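Read through the structure below, which is laid out as structure tokens, and then see the notes.
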Amino acid sequence: MDSDSLSIIIGTAFVSVFIILLIIDRRATKRKKLRKEKELAEFVEKVENFLEDFTKNGIIPIDCDIDLAKDEHLFALLESVEWKEFRKVRTGNVAGHGISGRVRIAKGVYYRYGAGRVASQSVDQLTTIDSGELYVTNKRFLFRGMTGNKNLPYMKIIMIHPSTSGIEIEKESGKNVFIPYDFQSDPYKIAMIQFCNAIKE
């Protein structure tokens, strides 16, 4: 067998292997996507079942280790969570404008000059403000943090955006808040949060 024939065989084999790996990868990606969709559907169903149960049978408060207001009860506690907000963070990039150029001094030697205004750039980045515990009562969110406490009555909340990985709280004023939490493993608590916010006592 000459070298040209061998090269063709090796090249064909390489292409075949590449195509097979591509097909396998696509199938694996499709299976992963279907698994995620199934998990999400099951999560939503569990939350809906909890909400239906709360509506029919009411909700039962749990023991609380802090003093609450009169007629206020604790219904859920999220431990070891972070209070995050979008804050402007400076990047290493700069932007500017002006004039620049170069002057020939000798063959192959130039003097560069320039003048202009340079400004640093900043971007919004989700930043951890504090860490602690989030108390979910029938009247508000109470965040008990390491550096301070935050009080957020439901009446000051426009909307809560739930997900399997946390909640985003859209406030009446100020920056939105994101609380990361594994609700995928604990759908009861996200259902309780939604229910307490809905009744807005």
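In the structure tokens, chains take letters A, B, ... by order of appearance, with residues numbered from 1 within each chain and ligands from 1 in the order shown.
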Identify, on the basis of only C-alpha atoms, every residue whose closest approach to Phe143 in chain A does not exceed 10 Å; exclude the query and any residue fewer than 2 positions from it along the same chain; express the result as an mmCIF file with C-alpha atoms, in the first residue's frame.
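Contents of result_25.cif, as written:
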```cif
data_model
loop_
_atom_site.group_PDB
_atom_site.id
_atom_site.type_symbol
_atom_site.label_atom_id
_atom_site.label_comp_id
_atom_site.auth_asym_id
_atom_site.auth_seq_id
_atom_site.Cartn_x
_atom_site.Cartn_y
_atom_site.Cartn_z
ATOM 1 C CA LEU A 77 -36.052 30.099 57.736
ATOM 2 C CA LEU A 78 -33.260 30.076 55.171
ATOM 3 C CA VAL A 81 -27.578 32.509 52.728
ATOM 4 C CA GLU A 82 -26.142 35.604 51.045
ATOM 5 C CA TRP A 83 -27.784 38.953 50.363
ATOM 6 C CA ASP A 130 -23.811 40.331 53.603
ATOM 7 C CA SER A 131 -24.348 36.736 54.727
ATOM 8 C CA GLY A 132 -26.674 35.375 57.387
ATOM 9 C CA GLU A 133 -30.212 34.047 57.791
ATOM 10 C CA LEU A 134 -33.443 34.986 56.029
ATOM 11 C CA TYR A 135 -36.605 34.880 58.160
ATOM 12 C CA VAL A 136 -39.840 34.550 56.201
ATOM 13 C CA ARG A 140 -41.961 40.550 55.784
ATOM 14 C CA PHE A 141 -38.519 39.264 54.965
ATOM 15 C CA GLY A 145 -26.723 39.394 58.686
ATOM 16 C CA MET A 146 -23.178 39.395 59.956
ATOM 17 C CA GLY A 148 -26.410 44.249 59.995
ATOM 18 C CA ASN A 149 -30.100 43.469 59.653
ATOM 19 C CA LYS A 150 -32.386 44.258 56.735
ATOM 20 C CA ASN A 151 -36.170 44.597 56.965
ATOM 21 C CA LEU A 152 -38.247 44.167 53.817
#
```
Spatial neighbours of Ala76 in chain A, 12 Å, only C-alpha atoms, chain gap at least 3 places, as a PyMOL selection string: chain A and resi 59-64+73+79+133-138+140-142+186-196
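The protein and nucleic acid residues lying at most 7 Å from Tyr154 in chain A are A:Lys139, A:Arg140, A:Asn197, A:Lys200, with only C-alpha atoms considered and sequence neighbours fewer than 4 positions away removed.
Taking CA of Val44 in chain A and CA of Ser80 in chain A as endpoints, the distance between them is 24.2 Å.
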